[in-house]
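Engineer: What follows is target.cif, mmCIF, C-alpha atoms.
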```
data_structure
loop_
_atom_site.label_atom_id
_atom_site.label_comp_id
_atom_site.auth_asym_id
_atom_site.auth_seq_id
_atom_site.Cartn_x
_atom_site.Cartn_y
_atom_site.Cartn_z
CA MET Y 1 -1.12 -18.47 -25.52
CA GLY Y 2 -3.47 -15.88 -26.97
CA HIS Y 3 -2.70 -12.22 -27.56
CA ASP Y 4 -4.45 -11.14 -24.36
CA GLY Y 5 -2.48 -13.72 -22.38
CA ARG Y 6 0.82 -12.49 -23.78
CA ARG Y 7 -0.12 -8.90 -23.09
CA PHE Y 8 -1.04 -9.74 -19.49
CA ASP Y 9 2.26 -11.59 -18.98
CA GLU Y 10 4.12 -8.58 -20.34
CA ARG Y 11 2.27 -6.31 -17.92
CA VAL Y 12 3.18 -8.58 -15.01
CA ALA Y 13 6.84 -8.81 -16.06
CA ARG Y 14 7.04 -5.02 -16.31
CA LEU Y 15 5.48 -4.58 -12.89
CA LYS Y 16 7.89 -7.08 -11.34
CA ARG Y 17 10.82 -5.08 -12.69
CA THR Y 18 9.27 -1.87 -11.40
CA ALA Y 19 8.68 -3.36 -7.94
CA LYS Y 20 12.39 -4.17 -7.70
CA GLU Y 21 13.18 -0.53 -8.46
CA VAL Y 22 10.67 0.62 -5.84
CA ARG Y 23 12.32 -1.66 -3.26
CA ARG Y 24 15.76 -0.29 -4.15
CA HIS Y 25 14.55 3.26 -3.57
CA ILE Y 26 13.01 2.25 -0.21
CA ILE Y 27 16.35 1.00 1.04
CA GLU Y 28 18.27 3.98 -0.37
CA MET Y 29 15.86 6.51 1.15
CA ILE Y 30 15.91 4.98 4.62
CA PHE Y 31 19.69 4.60 4.61
CA GLU Y 32 20.13 8.21 3.48
CA ALA Y 33 17.72 9.42 6.17
CA GLN Y 34 19.16 7.08 8.82
CA SER Y 35 15.55 6.70 9.91
CA GLY Y 36 12.42 4.92 8.74
CA HIS Y 37 10.43 1.71 8.52
CA PRO Y 38 11.76 -0.72 5.92
CA GLY Y 39 9.86 -3.90 6.84
CA GLY Y 40 6.31 -2.82 6.09
CA ALA Y 41 7.34 -0.70 3.10
CA LEU Y 42 9.00 -3.70 1.46
CA SER Y 43 6.05 -6.00 2.16
CA ALA Y 44 3.67 -3.58 0.40
CA ALA Y 45 5.88 -2.89 -2.63
CA ASP Y 46 4.17 -5.27 -5.05
CA ILE Y 47 0.69 -4.00 -4.14
CA VAL Y 48 1.59 -0.32 -4.43
CA THR Y 49 3.48 -0.94 -7.67
CA ALA Y 50 0.47 -2.65 -9.24
CA LEU Y 51 -1.76 0.26 -8.27
CA TYR Y 52 0.46 3.16 -9.31
CA PHE Y 53 2.04 1.69 -12.43
CA ASP Y 54 -0.92 -0.15 -13.91
CA LEU Y 55 -4.33 0.01 -12.26
CA MET Y 56 -5.06 3.47 -10.89
CA ARG Y 57 -6.43 6.35 -12.95
CA ILE Y 58 -4.09 9.20 -12.03
CA ASP Y 59 -2.39 12.15 -13.69
CA PRO Y 60 0.93 13.32 -12.16
CA ALA Y 61 0.48 16.70 -13.87
CA ARG Y 62 -2.84 17.14 -12.03
CA PRO Y 63 -2.45 15.72 -8.50
CA ARG Y 64 -5.85 17.11 -7.46
CA TRP Y 65 -7.72 16.07 -10.62
CA ALA Y 66 -11.32 15.58 -9.51
CA ASP Y 67 -11.78 12.33 -11.44
CA ARG Y 68 -8.62 10.61 -10.23
CA ASP Y 69 -8.64 7.39 -8.26
CA ARG Y 70 -7.72 7.90 -4.61
CA PHE Y 71 -5.14 6.01 -2.53
CA ILE Y 72 -4.80 6.07 1.26
CA LEU Y 73 -1.81 4.49 3.01
CA SER Y 74 -3.46 3.85 6.35
CA LYS Y 75 -0.22 2.41 7.73
CA GLY Y 76 1.47 5.73 7.15
CA HIS Y 77 4.87 4.76 8.58
CA ALA Y 78 5.41 2.61 5.44
CA CYS Y 79 5.44 5.80 3.33
CA PRO Y 80 8.80 5.17 1.59
CA VAL Y 81 7.00 2.73 -0.71
CA TRP Y 82 4.48 5.45 -1.57
CA TYR Y 83 7.07 8.20 -2.00
CA ALA Y 84 9.18 6.03 -4.31
CA SER Y 85 6.15 5.24 -6.46
CA LEU Y 86 4.99 8.86 -6.62
CA ALA Y 87 8.44 10.08 -7.62
CA MET Y 88 8.84 7.37 -10.25
CA ARG Y 89 5.45 8.31 -11.69
CA GLY Y 90 6.51 11.95 -11.91
CA PHE Y 91 4.51 13.61 -9.12
CA PHE Y 92 7.73 15.27 -7.90
CA PRO Y 93 11.46 15.08 -8.79
CA MET Y 94 13.35 11.89 -7.94
CA GLU Y 95 15.94 13.99 -6.11
CA GLU Y 96 13.39 14.66 -3.38
CA LEU Y 97 13.70 11.03 -2.25
CA LYS Y 98 17.06 11.92 -0.71
CA THR Y 99 15.30 14.33 1.67
CA LEU Y 100 13.15 11.74 3.47
CA ARG Y 101 12.47 12.78 7.09
CA LYS Y 102 14.70 15.83 6.83
CA PHE Y 103 13.63 19.21 8.22
CA GLU Y 104 11.28 21.05 5.84
CA SER Y 105 11.26 18.15 3.36
CA ILE Y 106 8.08 17.43 1.43
CA LEU Y 107 8.61 13.79 2.44
CA GLN Y 108 7.89 13.55 6.13
CA GLY Y 109 8.02 10.39 8.26
CA HIS Y 110 4.27 10.04 7.77
CA PRO Y 111 2.43 11.21 4.64
CA ASP Y 112 1.22 14.81 4.66
CA MET Y 113 -1.37 15.81 2.05
CA ASN Y 114 -0.41 19.47 2.51
CA LYS Y 115 3.24 18.85 1.66
CA THR Y 116 3.46 16.01 -0.83
CA PRO Y 117 1.98 16.10 -4.34
CA GLY Y 118 -0.09 12.99 -4.95
CA VAL Y 119 -0.86 12.29 -1.30
CA ASP Y 120 -4.64 12.25 -0.89
CA MET Y 121 -4.80 11.80 2.89
CA THR Y 122 -2.49 12.57 5.80
CA THR Y 123 -1.95 9.42 7.87
CA GLY Y 124 0.07 8.35 10.86
CA SER Y 125 -2.18 7.42 13.74
CA LEU Y 126 -3.09 3.85 12.85
CA GLY Y 127 -6.65 2.71 12.25
CA GLN Y 128 -7.98 5.89 10.67
CA GLY Y 129 -7.37 5.35 6.96
CA LEU Y 130 -10.43 3.26 6.21
CA SER Y 131 -12.71 5.91 7.72
CA ALA Y 132 -11.19 8.51 5.41
CA GLY Y 133 -11.63 6.12 2.52
CA VAL Y 134 -15.31 5.69 3.35
CA GLY Y 135 -15.72 9.46 3.26
CA MET Y 136 -14.01 9.77 -0.11
CA ALA Y 137 -16.00 6.89 -1.59
CA LEU Y 138 -19.25 8.30 -0.26
CA GLU Y 139 -18.45 11.66 -1.82
CA GLY Y 140 -17.90 9.92 -5.14
CA LYS Y 141 -21.36 8.37 -4.92
CA LEU Y 142 -23.01 11.63 -3.89
CA VAL Y 143 -21.50 13.73 -6.69
CA GLY Y 144 -21.70 11.07 -9.37
CA LYS Y 145 -17.98 10.46 -9.88
CA ASP Y 146 -16.75 7.04 -10.98
CA TYR Y 147 -13.37 7.06 -9.23
CA THR Y 148 -12.21 4.18 -7.02
CA VAL Y 149 -10.78 4.62 -3.53
CA TYR Y 150 -8.04 2.20 -2.47
CA VAL Y 151 -7.03 1.90 1.20
CA LEU Y 152 -3.93 -0.10 2.18
CA LEU Y 153 -4.13 -1.30 5.78
CA GLY Y 154 -1.59 -3.05 7.96
CA ASP Y 155 -2.83 -6.20 9.67
CA GLY Y 156 -1.67 -4.87 13.03
CA GLU Y 157 -3.87 -1.80 12.77
CA LEU Y 158 -6.93 -4.03 12.41
CA ASN Y 159 -6.71 -4.14 16.21
CA GLU Y 160 -8.26 -0.67 16.15
CA GLY Y 161 -12.03 -0.57 16.60
CA GLN Y 162 -12.36 2.38 14.25
CA VAL Y 163 -11.50 0.08 11.33
CA TRP Y 164 -14.58 -2.01 12.02
CA GLU Y 165 -16.84 1.01 12.46
CA ALA Y 166 -15.68 2.14 9.03
CA ALA Y 167 -16.29 -1.34 7.64
CA LEU Y 168 -19.89 -1.21 8.88
CA SER Y 169 -20.44 2.18 7.26
CA ALA Y 170 -18.97 1.08 3.94
CA ALA Y 171 -21.35 -1.87 3.77
CA LYS Y 172 -24.35 0.21 4.79
CA PHE Y 173 -23.76 2.72 2.00
CA ARG Y 174 -22.92 -0.03 -0.54
CA LEU Y 175 -19.60 1.60 -1.39
CA ASP Y 176 -18.58 -0.62 -4.28
CA ASN Y 177 -16.10 2.09 -5.26
CA LEU Y 178 -14.05 1.29 -2.13
CA VAL Y 179 -11.31 -1.36 -2.06
CA ALA Y 180 -9.49 -2.21 1.17
CA ILE Y 181 -6.23 -4.15 0.85
CA VAL Y 182 -4.78 -5.72 3.99
CA ASP Y 183 -0.99 -6.11 3.96
CA ARG Y 184 -1.03 -9.36 5.93
CA ASN Y 185 2.67 -9.61 6.85
CA CYS Y 186 1.79 -11.01 10.31
CA LEU Y 187 4.16 -8.71 12.22
CA GLN Y 188 3.65 -5.45 14.06
CA MET Y 189 5.97 -3.35 16.19
CA ASP Y 190 5.50 -5.44 19.35
CA GLY Y 191 5.69 -8.89 17.77
CA TYR Y 192 3.64 -11.34 15.76
CA CYS Y 193 0.10 -10.12 15.20
CA GLU Y 194 -1.39 -13.38 16.45
CA ASP Y 195 0.42 -12.94 19.77
CA VAL Y 196 -0.57 -9.30 20.19
CA MET Y 197 -4.22 -9.72 19.16
CA PRO Y 198 -5.45 -12.63 17.03
CA MET Y 199 -7.53 -11.34 14.10
CA ASP Y 200 -8.19 -14.39 11.92
CA PRO Y 201 -10.23 -14.97 9.92
CA ILE Y 202 -9.75 -11.46 8.51
CA ASP Y 203 -11.60 -12.26 5.32
CA GLY Y 204 -14.38 -13.87 7.33
CA LYS Y 205 -14.73 -10.82 9.54
CA PHE Y 206 -15.03 -8.47 6.58
CA ALA Y 207 -17.50 -10.84 4.94
CA ALA Y 208 -19.59 -10.86 8.10
CA PHE Y 209 -19.60 -7.05 7.96
CA GLY Y 210 -21.09 -7.18 4.45
CA TRP Y 211 -17.99 -6.95 2.26
CA ALA Y 212 -16.96 -9.02 -0.73
CA THR Y 213 -13.58 -10.61 0.03
CA SER Y 214 -10.68 -12.38 -1.59
CA SER Y 215 -7.36 -13.77 -0.33
CA ILE Y 216 -4.17 -13.74 -2.37
CA ASP Y 217 -0.39 -14.04 -2.26
CA GLY Y 218 0.59 -10.39 -2.05
CA HIS Y 219 3.90 -11.07 -3.80
CA ASP Y 220 2.38 -12.89 -6.78
CA MET Y 221 2.08 -9.93 -9.14
CA ALA Y 222 -0.36 -11.66 -11.47
CA ALA Y 223 -2.63 -12.50 -8.54
CA VAL Y 224 -2.36 -8.95 -7.20
CA VAL Y 225 -3.36 -7.41 -10.54
CA ARG Y 226 -6.26 -9.82 -11.08
CA ALA Y 227 -7.63 -9.36 -7.56
CA ILE Y 228 -7.51 -5.57 -7.69
CA GLU Y 229 -9.06 -5.49 -11.15
CA ALA Y 230 -11.89 -7.73 -9.95
CA ALA Y 231 -12.43 -5.57 -6.86
CA ARG Y 232 -12.43 -2.37 -8.92
CA ASP Y 233 -15.05 -3.76 -11.28
CA ALA Y 234 -17.27 -5.38 -8.61
CA ARG Y 235 -20.69 -3.91 -7.89
CA GLY Y 236 -23.02 -3.85 -4.91
CA ALA Y 237 -20.58 -3.94 -1.97
CA PRO Y 238 -17.08 -2.82 -0.95
CA THR Y 239 -14.28 -5.33 -1.40
CA CYS Y 240 -11.49 -6.38 0.97
CA ILE Y 241 -8.42 -8.15 -0.42
CA VAL Y 242 -6.35 -9.96 2.20
CA ALA Y 243 -2.83 -10.10 0.74
CA SER Y 244 -0.46 -12.51 2.46
CA THR Y 245 2.98 -10.92 2.46
CA THR Y 246 6.39 -11.15 4.12
CA LYS Y 247 7.67 -8.26 6.17
CA GLY Y 248 10.97 -7.09 4.68
CA LYS Y 249 10.32 -8.93 1.40
CA GLY Y 250 13.30 -8.97 -0.94
CA VAL Y 251 16.02 -8.62 1.70
CA SER Y 252 16.82 -11.98 3.29
CA TYR Y 253 17.97 -10.76 6.70
CA MET Y 254 14.91 -8.51 7.05
CA GLU Y 255 12.29 -11.06 6.06
CA ASP Y 256 9.87 -11.95 8.87
CA VAL Y 257 12.08 -10.27 11.50
CA ARG Y 258 10.26 -7.96 13.90
CA ALA Y 259 13.29 -5.73 14.50
CA TRP Y 260 13.12 -4.46 10.91
CA HIS Y 261 9.75 -2.82 11.51
CA GLY Y 262 11.67 0.40 12.12
CA LYS Y 263 15.44 0.04 11.87
CA VAL Y 264 18.23 1.38 9.64
CA PRO Y 265 20.72 -0.99 8.00
CA THR Y 266 24.44 -0.57 8.52
CA ARG Y 267 26.59 0.24 5.48
CA GLU Y 268 27.36 -3.46 4.98
CA GLN Y 269 23.69 -4.42 5.40
CA TYR Y 270 22.69 -1.64 3.02
CA GLU Y 271 24.99 -2.94 0.29
CA THR Y 272 23.78 -6.49 0.87
CA ALA Y 273 20.15 -5.38 0.62
CA LEU Y 274 20.71 -3.58 -2.69
CA ALA Y 275 22.55 -6.58 -4.10
CA GLU Y 276 19.80 -8.99 -3.08
CA ILE Y 277 17.06 -6.78 -4.50
CA ALA Y 278 18.94 -6.46 -7.80
CA ALA Y 279 19.42 -10.23 -7.99
CA GLY Y 280 15.86 -11.08 -6.88
#
```
Translate this file's structure into structure tokens.

Structural biologist:
Amino acid sequence: MGHDGRRFDERVARLKRTAKEVRRHIIEMIFEAQSGHPGGALSAADIVTALYFDLMRIDPARPRWADRDRFILSKGHACPVWYASLAMRGFFPMEELKTLRKFESILQGHPDMNKTPGVDMTTGSLGQGLSAGVGMALEGKLVGKDYTVYVLLGDGELNEGQVWEAALSAAKFRLDNLVAIVDRNCLQMDGYCEDVMPMDPIDGKFAAFGWATSSIDGHDMAAVVRAIEAARDARGAPTCIVASTTKGKGVSYMEDVRAWHGKVPTREQYETALAEIAAG
């Protein structure tokens, strides 16, 4: 194995360790708050870890730095994964994680750009994040900035027509500084996505709308890093990465179980979850 190969493997190993820490914080935050959405936060942990601990150009000391890369968590209810990553990167003190969803906390149940350092867009109502991402990416083109805008979407929110209006706009304006990542965990609040509203082929739909596309295992850290790097460096069109994931990833009793979309573990379940994440 060459030097570059060893260095890449070391990056991946470091990110895997970091993702375990992010997952631990997700469980601790939600248990402390006795409120929150563990399933979709856990499924997105590898993607968000790769972005915040390796791929994005950010400066925790300057949350509003004009040249920073932007991130939008369109599925805002999964915010514990974002808050954990922001705190670990130093955007605010780790102690704040204990205040999730508490009155006057900077960490509300959905991300608030006016409260939380490092949050670029307030989200909550599903389906709106990609539109905001289009606006940010278009601004970058108009003012000559070279930042990249990353939008993490849930597969359930692809039911919203606004997502596809945004997809049309992104292709029209050739926003190759825009990367959409679909957390394809196949579950939404009311059941399996295919039962609520079939959306496949997601990659084919985005391709038909003029996007470059790729499909990956969203828990294969090496694949995640390579796909995002390729999307970041692509030119001529926006890119959509469809990342196949497992809702509740890392906690056996939560995996692929609809009830854990928004549910708090008992004390015994909490301890089991932390043990399984540590051993994973």

Engineer: Taking the file as shown, what set of residues would the PyMOL selection byres ((chain Y and resi 147-152) around 7) give back, as a PDB file with C-alpha atoms, in the frame of the given file?

Structural biologist:
```
ATOM      1  CA  ASP Y  67     -11.780  12.330 -11.440  1.00  0.00           C
ATOM      2  CA  ARG Y  68      -8.620  10.610 -10.230  1.00  0.00           C
ATOM      3  CA  ASP Y  69      -8.640   7.390  -8.260  1.00  0.00           C
ATOM      4  CA  ARG Y  70      -7.720   7.900  -4.610  1.00  0.00           C
ATOM      5  CA  PHE Y  71      -5.140   6.010  -2.530  1.00  0.00           C
ATOM      6  CA  ILE Y  72      -4.800   6.070   1.260  1.00  0.00           C
ATOM      7  CA  LEU Y  73      -1.810   4.490   3.010  1.00  0.00           C
ATOM      8  CA  SER Y  74      -3.460   3.850   6.350  1.00  0.00           C
ATOM      9  CA  GLY Y 129      -7.370   5.350   6.960  1.00  0.00           C
ATOM     10  CA  LEU Y 130     -10.430   3.260   6.210  1.00  0.00           C
ATOM     11  CA  GLY Y 133     -11.630   6.120   2.520  1.00  0.00           C
ATOM     12  CA  MET Y 136     -14.010   9.770  -0.110  1.00  0.00           C
ATOM     13  CA  ALA Y 137     -16.000   6.890  -1.590  1.00  0.00           C
ATOM     14  CA  GLY Y 140     -17.900   9.920  -5.140  1.00  0.00           C
ATOM     15  CA  LYS Y 145     -17.980  10.460  -9.880  1.00  0.00           C
ATOM     16  CA  ASP Y 146     -16.750   7.040 -10.980  1.00  0.00           C
ATOM     17  CA  LEU Y 153      -4.130  -1.300   5.780  1.00  0.00           C
ATOM     18  CA  GLY Y 154      -1.590  -3.050   7.960  1.00  0.00           C
ATOM     19  CA  ASN Y 177     -16.100   2.090  -5.260  1.00  0.00           C
ATOM     20  CA  LEU Y 178     -14.050   1.290  -2.130  1.00  0.00           C
ATOM     21  CA  VAL Y 179     -11.310  -1.360  -2.060  1.00  0.00           C
ATOM     22  CA  ALA Y 180      -9.490  -2.210   1.170  1.00  0.00           C
ATOM     23  CA  ILE Y 181      -6.230  -4.150   0.850  1.00  0.00           C
ATOM     24  CA  VAL Y 182      -4.780  -5.720   3.990  1.00  0.00           C
ATOM     25  CA  ASP Y 183      -0.990  -6.110   3.960  1.00  0.00           C
ATOM     26  CA  ARG Y 232     -12.430  -2.370  -8.920  1.00  0.00           C
TER      27      ARG Y 232
END
```

Engineer: Would you mind reading off the distance between CA of Leu42 (chain Y) and CA of Gly248 (chain Y), one decimal, in Å?

Structural biologist: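 Going from CA of Leu42 (chain Y) over to CA of Gly248 (chain Y) covers 5.1 Å.
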
Engineer: Quick one: which residues end up in the PyMOL selection byres ((chain Y and resi 237) around 8) for this structure, as a PyMOL selection string?

Structural biologist: chain Y and resi 170-171+174-176+210-212+234-236+238-239

Engineer: Let me see the file: selected residues, C-alpha atoms, as a PDB file, keeping the file's coordinate frame.

Structural biologist:
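Result file is selection_26.pdb:
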```pdb
ATOM      1  CA  ALA Y 170     -18.970   1.080   3.940  1.00  0.00           C
ATOM      2  CA  ALA Y 171     -21.350  -1.870   3.770  1.00  0.00           C
ATOM      3  CA  ARG Y 174     -22.920  -0.030  -0.540  1.00  0.00           C
ATOM      4  CA  LEU Y 175     -19.600   1.600  -1.390  1.00  0.00           C
ATOM      5  CA  ASP Y 176     -18.580  -0.620  -4.280  1.00  0.00           C
ATOM      6  CA  GLY Y 210     -21.090  -7.180   4.450  1.00  0.00           C
ATOM      7  CA  TRP Y 211     -17.990  -6.950   2.260  1.00  0.00           C
ATOM      8  CA  ALA Y 212     -16.960  -9.020  -0.730  1.00  0.00           C
ATOM      9  CA  ALA Y 234     -17.270  -5.380  -8.610  1.00  0.00           C
ATOM     10  CA  ARG Y 235     -20.690  -3.910  -7.890  1.00  0.00           C
ATOM     11  CA  GLY Y 236     -23.020  -3.850  -4.910  1.00  0.00           C
ATOM     12  CA  PRO Y 238     -17.080  -2.820  -0.950  1.00  0.00           C
ATOM     13  CA  THR Y 239     -14.280  -5.330  -1.400  1.00  0.00           C
TER      14      THR Y 239
END
```

Engineer: Looking at Y:Ile228, Y:Val196, Y:Met113, Y:Val163, which one is nearest to Asp54 (chain Y), with distances taken over all atoms listed in the file?

Structural biologist: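 Using all atoms listed in the file, Asp54 (chain Y) sits closest to Y:Ile228.
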
Engineer: For a test of reading the model, state the distance in Å between CA of Ala243 (chain Y) and CA of Gln188 (chain Y), rounded to one decimal.

Structural biologist: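 Separation of CA of Ala243 (chain Y) and CA of Gln188 (chain Y): 15.5 Å.
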
Engineer: Just so the selection is clear, what residues does the PyMOL selection byres ((chain Y and resi 3-12) around 10) cover here, as a list in words?

Structural biologist: Met1, Gly2, Ala13, Arg14, Leu15, Lys16, Arg17, Thr18, Ala50, Phe53, Asp54, Asp220, Met221, Ala222, Ala223, Val224, Val225 and Arg226 of chain Y

Engineer: Write out as a count of residues only each polymer residue whose atoms come within 9 Å of Pro265 (chain Y), counting only C-alpha atoms; drop sequence neighbours fewer than 4 positions from it.

Structural biologist: 8

Engineer: For the atom pair CA of Cys240 (chain Y) and CA of Phe209 (chain Y), what is the interatomic distance in Å to one decimal place?

Structural biologist: 10.7 Å

Engineer: Quick one: everything within 12 Å of Pro201 (chain Y), counting only C-alpha atoms, minus sequence neighbours fewer than 6 positions away in the same chain. Send it as a PDB file with C-alpha atoms, in the frame of the given file.

Structural biologist:
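around.pdb written:
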```pdb
ATOM      1  CA  ASP Y 155      -2.830  -6.200   9.670  1.00  0.00           C
ATOM      2  CA  LEU Y 158      -6.930  -4.030  12.410  1.00  0.00           C
ATOM      3  CA  ARG Y 184      -1.030  -9.360   5.930  1.00  0.00           C
ATOM      4  CA  GLU Y 194      -1.390 -13.380  16.450  1.00  0.00           C
ATOM      5  CA  ALA Y 207     -17.500 -10.840   4.940  1.00  0.00           C
ATOM      6  CA  ALA Y 208     -19.590 -10.860   8.100  1.00  0.00           C
ATOM      7  CA  THR Y 213     -13.580 -10.610   0.030  1.00  0.00           C
ATOM      8  CA  SER Y 214     -10.680 -12.380  -1.590  1.00  0.00           C
ATOM      9  CA  SER Y 215      -7.360 -13.770  -0.330  1.00  0.00           C
ATOM     10  CA  VAL Y 242      -6.350  -9.960   2.200  1.00  0.00           C
TER      11      VAL Y 242
END
```

Engineer: Could you name the residues that touch Tyr83 (chain Y) at 10 Å or less, counting all atoms listed in the file, but leaving out those on the same chain fewer than 2 positions away, as a list in words?

Structural biologist: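 These residues fall inside the cut-off: Val22, His25, Ile26, Met29, Ala78, Cys79, Pro80, Val81, Ser85, Leu86, Ala87, Met88, Arg89, Phe91, Phe92, Met94, Glu96, Leu97, Leu100, Ile106, Leu107, Gln108, Pro111, Thr116, Pro117, Gly118 and Val119 of chain Y.
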
Engineer: Restricting the calculation to all atoms listed in the file, which member of Y:Glu165, Y:Gly191, Y:Glu28, Y:Met199 is positioned closest to Glu95 (chain Y)?

Structural biologist: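 Looking at the shortest contact to Glu95 (chain Y), the residue is Y:Glu28.
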
Engineer: Compile the contact shell of Ile277 (chain Y) as an NGL selection string: residues with an atom at most 8 Å away, counting all atoms listed in the file, same-chain residues fewer than 6 positions apart removed.

Structural biologist: :Y and (20 or 23-24 or 250-251)
